[in-house]
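Asks: My structure is in protein_36.txt, and what it holds is compact mmCIF, C-alpha atoms and all ligand atoms:
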```
# COMPACT_ATOMS: atom_id res chain seq x y z
CA MET A 1 14.05 -5.76 -16.24
CA SER A 2 15.02 -9.46 -16.16
CA ARG A 3 12.63 -12.24 -17.18
CA ARG A 4 12.30 -13.25 -13.55
CA GLU A 5 11.37 -9.70 -12.50
CA ILE A 6 8.81 -9.47 -15.32
CA ARG A 7 7.34 -12.83 -14.27
CA ASP A 8 7.19 -11.73 -10.62
CA ALA A 9 5.61 -8.39 -11.55
CA LEU A 10 2.96 -10.07 -13.68
CA GLY A 11 2.25 -12.59 -10.94
CA ALA A 12 1.84 -9.86 -8.33
CA ALA A 13 -0.42 -7.84 -10.63
CA ARG A 14 -2.62 -10.85 -11.38
CA ALA A 15 -2.89 -11.69 -7.69
CA LEU A 16 -3.90 -8.14 -6.89
CA VAL A 17 -6.54 -8.02 -9.62
CA ARG A 18 -7.90 -11.35 -8.38
CA GLU A 19 -8.01 -9.99 -4.86
CA TRP A 20 -9.78 -6.81 -5.92
CA SER A 21 -12.29 -8.83 -7.93
CA GLU A 22 -13.01 -10.97 -4.92
CA GLU A 23 -13.52 -7.81 -2.89
CA GLY A 24 -16.05 -6.52 -5.41
CA LEU A 25 -13.80 -3.81 -6.82
CA GLU A 26 -13.69 -5.19 -10.36
CA ARG A 27 -15.60 -2.17 -11.66
CA TRP A 28 -12.50 -0.05 -11.11
CA GLU A 29 -11.10 -0.02 -14.61
CA ARG A 30 -7.62 1.28 -14.96
CA PRO A 31 -6.07 2.40 -18.23
CA ASP A 32 -2.94 0.69 -19.51
CA ALA A 33 0.24 1.87 -17.86
CA GLY A 34 1.33 5.14 -19.37
CA ALA A 35 -1.93 5.61 -21.25
CA SER A 36 -2.87 9.23 -21.67
CA VAL A 37 -6.37 10.26 -20.68
CA GLU A 38 -8.16 13.57 -20.73
CA THR A 39 -8.80 14.08 -17.03
CA PRO A 40 -7.94 12.29 -13.82
CA ALA A 41 -11.60 11.47 -13.31
CA ALA A 42 -11.89 9.90 -16.76
CA GLY A 43 -8.64 8.03 -16.39
CA LEU A 44 -9.08 6.67 -12.92
CA GLY A 45 -12.78 6.09 -12.91
CA ALA A 46 -15.44 7.92 -10.96
CA ASP A 47 -16.28 4.60 -9.30
CA ALA A 48 -12.75 3.97 -8.05
CA PRO A 49 -12.53 2.50 -4.54
CA GLY A 50 -12.24 4.90 -1.62
CA LEU A 51 -9.18 5.19 0.57
CA ALA A 52 -10.84 3.14 3.29
CA GLN A 53 -11.44 0.30 0.85
CA VAL A 54 -7.86 0.38 -0.38
CA ARG A 55 -6.62 0.33 3.22
CA GLU A 56 -8.95 -2.53 4.03
CA ILE A 57 -7.67 -4.62 1.13
CA LEU A 58 -4.08 -3.88 2.14
CA GLY A 59 -4.92 -5.36 5.53
CA ASP A 60 -2.04 -6.62 7.64
CA CYS A 61 -0.01 -6.99 4.46
CA THR A 62 2.73 -9.59 4.12
CA ARG A 63 3.02 -9.42 0.33
CA CYS A 64 6.73 -8.62 0.38
CA ALA A 65 9.63 -9.38 2.68
CA ILE A 66 9.95 -5.99 4.34
CA HIS A 67 6.85 -6.64 6.41
CA ARG A 68 9.03 -8.76 8.70
CA GLU A 69 10.97 -5.77 9.99
CA ARG A 70 8.27 -3.12 10.16
CA THR A 71 6.65 -1.87 13.33
CA GLN A 72 3.50 -0.95 11.47
CA ILE A 73 2.17 -0.12 8.01
CA VAL A 74 2.37 3.57 7.09
CA PHE A 75 -0.52 4.01 4.70
CA GLY A 76 -1.00 7.73 4.08
CA ASP A 77 -1.96 11.04 5.60
CA GLY A 78 -4.54 13.57 4.43
CA ALA A 79 -8.08 13.85 3.18
CA PRO A 80 -9.58 11.73 0.38
CA ASP A 81 -10.39 14.76 -1.77
CA ASP A 82 -7.13 16.72 -1.63
CA ASP A 83 -6.05 18.47 -4.83
CA LEU A 84 -2.34 18.08 -4.18
CA MET A 85 -0.80 14.67 -3.53
CA PHE A 86 2.82 14.03 -2.53
CA VAL A 87 4.42 10.65 -3.14
CA GLY A 88 7.69 9.77 -1.43
CA GLU A 89 9.86 6.69 -1.30
CA GLY A 90 9.15 4.79 1.90
CA PRO A 91 8.68 5.27 5.64
CA GLY A 92 11.73 6.03 7.77
CA GLN A 93 12.33 5.21 11.42
CA GLN A 94 10.00 7.81 12.90
CA GLU A 95 7.29 7.03 10.38
CA ASP A 96 7.57 3.33 11.16
CA LEU A 97 7.19 4.06 14.87
CA ARG A 98 4.33 6.54 14.57
CA GLY A 99 2.46 5.21 11.52
CA ILE A 100 2.43 8.63 9.83
CA PRO A 101 4.30 9.40 6.58
CA PHE A 102 6.85 12.19 6.63
CA CYS A 103 6.90 12.86 10.38
CA GLY A 104 10.68 12.64 10.95
CA ARG A 105 13.29 15.30 10.13
CA ALA A 106 12.64 15.17 6.40
CA GLY A 107 8.92 15.25 7.11
CA GLU A 108 9.30 18.31 9.31
CA LEU A 109 11.05 20.06 6.45
CA LEU A 110 8.29 19.01 4.04
CA THR A 111 5.68 20.27 6.50
CA ARG A 112 7.46 23.62 6.78
CA MET A 113 7.62 23.91 3.01
CA ILE A 114 3.90 23.22 2.77
CA GLU A 115 2.74 25.34 5.71
CA GLN A 116 5.22 28.22 5.74
CA GLY A 117 6.18 28.20 2.07
CA LEU A 118 2.92 27.40 0.30
CA GLU A 119 0.87 28.77 3.21
CA ILE A 120 -1.60 25.92 3.24
CA PRO A 121 -2.18 23.46 6.08
CA ARG A 122 -0.48 20.09 5.76
CA SER A 123 -3.88 18.53 6.34
CA SER A 124 -5.00 19.95 2.98
CA VAL A 125 -2.63 17.74 1.00
CA TYR A 126 -2.43 13.95 0.75
CA ILE A 127 0.94 12.34 1.50
CA CYS A 128 2.03 8.75 1.00
CA ASN A 129 4.93 6.61 -0.22
CA ILE A 130 5.52 4.05 -2.94
CA VAL A 131 5.99 1.35 -0.28
CA LYS A 132 4.03 1.30 2.95
CA CYS A 133 6.60 -0.44 5.17
CA ARG A 134 10.02 0.80 6.22
CA PRO A 135 12.81 -0.79 4.18
CA PRO A 136 15.51 -2.03 6.59
CA GLY A 137 18.07 0.66 7.34
CA ASN A 138 16.09 3.12 5.21
CA ARG A 139 17.48 1.59 2.04
CA THR A 140 15.79 2.23 -1.28
CA PRO A 141 12.90 -0.20 -1.84
CA LEU A 142 13.80 -3.11 -4.14
CA PRO A 143 11.95 -3.57 -7.45
CA ASP A 144 9.98 -6.58 -6.20
CA GLU A 145 8.90 -4.62 -3.11
CA VAL A 146 7.77 -1.68 -5.23
CA THR A 147 5.89 -4.08 -7.51
CA ALA A 148 4.20 -5.80 -4.58
CA CYS A 149 3.02 -2.49 -3.14
CA ARG A 150 2.31 -0.71 -6.41
CA GLY A 151 -1.38 -1.54 -6.65
CA PHE A 152 -2.03 0.20 -3.36
CA LEU A 153 -0.33 3.39 -4.49
CA ASP A 154 -2.44 3.28 -7.65
CA GLY A 155 -5.47 2.68 -5.45
CA GLN A 156 -4.65 5.72 -3.33
CA ILE A 157 -4.23 7.91 -6.41
CA ALA A 158 -7.49 6.61 -7.84
CA ALA A 159 -9.27 7.28 -4.56
CA VAL A 160 -7.88 10.78 -3.98
CA ARG A 161 -8.00 11.81 -7.66
CA PRO A 162 -5.60 14.72 -7.09
CA LYS A 163 -5.36 17.59 -9.55
CA VAL A 164 -1.57 17.47 -9.26
CA LEU A 165 0.94 14.84 -8.13
CA VAL A 166 4.31 15.80 -6.68
CA THR A 167 6.91 13.04 -6.51
CA LEU A 168 9.67 13.44 -3.93
CA GLY A 169 12.98 12.00 -5.09
CA LYS A 170 14.11 9.62 -7.77
CA PRO A 171 12.41 6.34 -6.73
CA ALA A 172 8.92 7.90 -6.59
CA ALA A 173 9.34 9.65 -9.95
CA SER A 174 10.82 6.53 -11.55
CA THR A 175 8.00 4.38 -10.22
CA LEU A 176 5.16 6.54 -11.46
CA LEU A 177 6.78 7.43 -14.78
CA GLY A 178 7.77 3.82 -15.46
CA ARG A 179 11.40 4.57 -16.24
CA TYR A 180 14.55 5.37 -14.34
CA VAL A 181 14.93 9.12 -14.18
CA ALA A 182 17.78 11.44 -13.33
CA ILE A 183 15.92 13.49 -10.76
CA THR A 184 18.27 16.46 -10.71
CA ARG A 185 17.68 16.89 -14.45
CA LEU A 186 13.98 16.01 -14.50
CA ARG A 187 12.88 18.03 -11.50
CA GLY A 188 10.90 21.14 -12.25
CA THR A 189 9.59 19.80 -15.58
CA TRP A 190 5.94 18.86 -15.96
CA GLN A 191 5.29 15.17 -16.54
CA GLU A 192 2.05 13.22 -16.59
CA TYR A 193 0.74 10.14 -14.85
CA ARG A 194 -2.47 8.77 -16.34
CA GLY A 195 -3.70 12.21 -17.25
CA ILE A 196 -2.65 13.80 -13.95
CA PRO A 197 0.01 16.53 -14.15
CA LEU A 198 3.05 15.34 -12.21
CA MET A 199 5.81 17.57 -10.86
CA PRO A 200 9.00 15.72 -9.90
CA THR A 201 11.08 17.39 -7.24
CA LEU A 202 13.87 16.55 -4.81
CA HIS A 203 13.25 14.48 -1.70
CA PRO A 204 13.37 16.56 1.50
CA ALA A 205 15.92 14.10 2.94
CA TYR A 206 18.23 14.94 0.02
CA LEU A 207 17.54 18.60 0.62
CA LEU A 208 18.61 18.20 4.26
CA ARG A 209 21.88 16.66 3.10
CA GLN A 210 22.43 19.21 0.33
CA TYR A 211 20.90 22.31 1.89
CA THR A 212 22.20 24.71 -0.71
CA PRO A 213 20.48 27.93 -1.76
CA GLU A 214 20.13 26.50 -5.28
CA ASN A 215 18.40 23.29 -4.13
CA ARG A 216 16.11 25.23 -1.80
CA ARG A 217 15.20 27.66 -4.56
CA ASN A 218 14.54 24.80 -7.01
CA VAL A 219 12.26 22.86 -4.68
CA TRP A 220 10.45 26.03 -3.69
CA GLN A 221 9.87 26.80 -7.37
CA ASP A 222 8.58 23.25 -8.02
CA LEU A 223 6.12 23.38 -5.14
CA LYS A 224 4.85 26.82 -6.12
CA SER A 225 4.26 25.59 -9.69
CA ALA A 226 2.41 22.53 -8.39
CA LEU A 227 0.14 24.55 -6.13
CA ALA A 228 -0.57 27.10 -8.87
CA ARG A 229 -1.60 24.30 -11.20
CA THR A 230 -4.15 22.99 -8.72
CA ARG A 231 -5.77 26.43 -8.81
CA ARG A 232 -6.08 26.79 -12.56
FE1 LIG A 301 2.76 -5.12 1.86
FE2 LIG A 301 3.65 -2.88 0.74
FE3 LIG A 301 4.45 -3.54 3.19
FE4 LIG A 301 5.33 -4.94 1.12
S1 LIG A 301 5.75 -2.77 1.53
S2 LIG A 301 4.54 -5.80 3.05
S3 LIG A 301 3.53 -4.90 -0.24
S4 LIG A 301 2.36 -3.01 2.57
```
So that I can check it, write out the structure of this file as structure tokens.
Replies:
Amino acid sequence: MSRREIRDALGAARALVREWSEEGLERWERPDAGASVETPAAGLGADAPGLAQVREILGDCTRCAIHRERTQIVFGDGAPDDDLMFVGEGPGQQEDLRGIPFCGRAGELLTRMIEQGLEIPRSSVYICNIVKCRPPGNRTPLPDEVTACRGFLDGQIAAVRPKVLVTLGKPAASTLLGRYVAITRLRGTWQEYRGIPLMPTLHPAYLLRQYTPENRRNVWQDLKSALARTRR
């Protein structure tokens, strides 16, 4: 990370903390990035803000440049107490139009994997992205965009307090693990995010492009492991 990126990241983080404090959310104490804690509840705080509060603070966000080209913010989908939480990269065209994460072709595949594969309703898992606005042309979000939006992803995780996180694709895994990862090597191996078990797997859009029996089997295995861990 360059000095400028570090300075920008620190500035964005300070602004967010100031904003939260002004909104009366200063009691939400977060551990240092990467800190290991015993349980999600201990790590994220039983008094973390709810999803509605996080959404309210996000408001009609213009904190990074991609707001200029969005149709609407795509915050998240699911209940605030879901055990399984999926984190993807960013909204695509359909998501931008409908305001729902993972509702396009890749989303339909994810929904099938959840409902027909895991045999649980999609409404029983929480789904969101690392950035809440569609990057132009569906490009990967830039580091400053991820940084600007990061506090809201952390807020969603703190509010939902999932038993297991599943990251979809490289950008989501890299963002939550704080390092660039090779997703095809890392997938299927248990990681941890602030005390929450994290299963990295392939993005359904990648799976659509590389619809091989091996990739399908791998993702299926990852999702089964994640669901089983929520039931331990
Ligand atoms: Fe705000 Fe996130 Fe959208 Fe950027 S991507 S404008 S930080 S909501």
Asks: Take the point (9.3, 13.3, -11.4) in the file's coordinates, draw a sphere of radius 6 Å around it, and report as a ChimeraX atom specification every protein, DNA or RNA residue with an atom inside or on it, counting all atoms listed in the file.
Replies: /A:167,173,187,199-200
Asks: Here is a test: counting only C-alpha atoms and all ligand atoms, which residue of A:Ser123, A:Gln210, A:Gln191, A:Thr140 is nearest to ligand LIG 301 (chain A)?
Replies: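 Residue with the minimum atom-to-atom distance to ligand LIG 301 (chain A): A:Thr140.
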Asks: So how many Å separate atom CA of Gly76 of chain A and atom CA of Tyr211 of chain A, to one decimal?
Replies: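 We find that atom CA of Gly76 of chain A and atom CA of Tyr211 of chain A lie 26.4 Å from each other.
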Asks: Which protein, DNA or RNA residues have an atom within 10 Å of ligand LIG 301 (chain A), counting all atoms listed in the file, as an MDAnalysis selection string?
Replies: chainID A and resid 12 55 58:70 72:75 90:91 129:135 141:142 144:153
Asks: Quick one: pull the distance between atom CA of Tyr126 of chain A and atom CA of Asp81 of chain A, Å, one decimal.
Replies: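 If I compute the distance from atom CA of Tyr126 of chain A to atom CA of Asp81 of chain A, I get 8.4 Å.
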Asks: Which residues are near Ile114 of chain A? Cut-off 12 Å, only C-alpha atoms, ignore same chain within fewer than 6 positions. Put them as a list in words.
Replies: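 Near Ile114 of chain A, the qualifying residues are Leu84, Met85, Phe86, Gly107, Glu108, Ile120, Pro121, Arg122, Ser123, Ser124, Val125, Tyr126, Ile127, Pro204, Val219, Trp220, Asp222, Leu223, Lys224, Ala226 and Leu227 of chain A.
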Asks: Please identify all polymer residues within 10 Å of Ile157 of chain A, counting all atoms listed in the file, omitting same-chain residues fewer than 4 positions from it, and present them as a PyMOL selection string.
Replies: chain A and resi 40+44+48+50-51+80+85+87+126+128+151-153+161-162+165+196
Asks: Work out how far atom CA of Gly99 of chain A is from atom CA of Gln53 of chain A, in Å to one decimal.
Replies: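 Those two atoms sit 18.2 Å apart.
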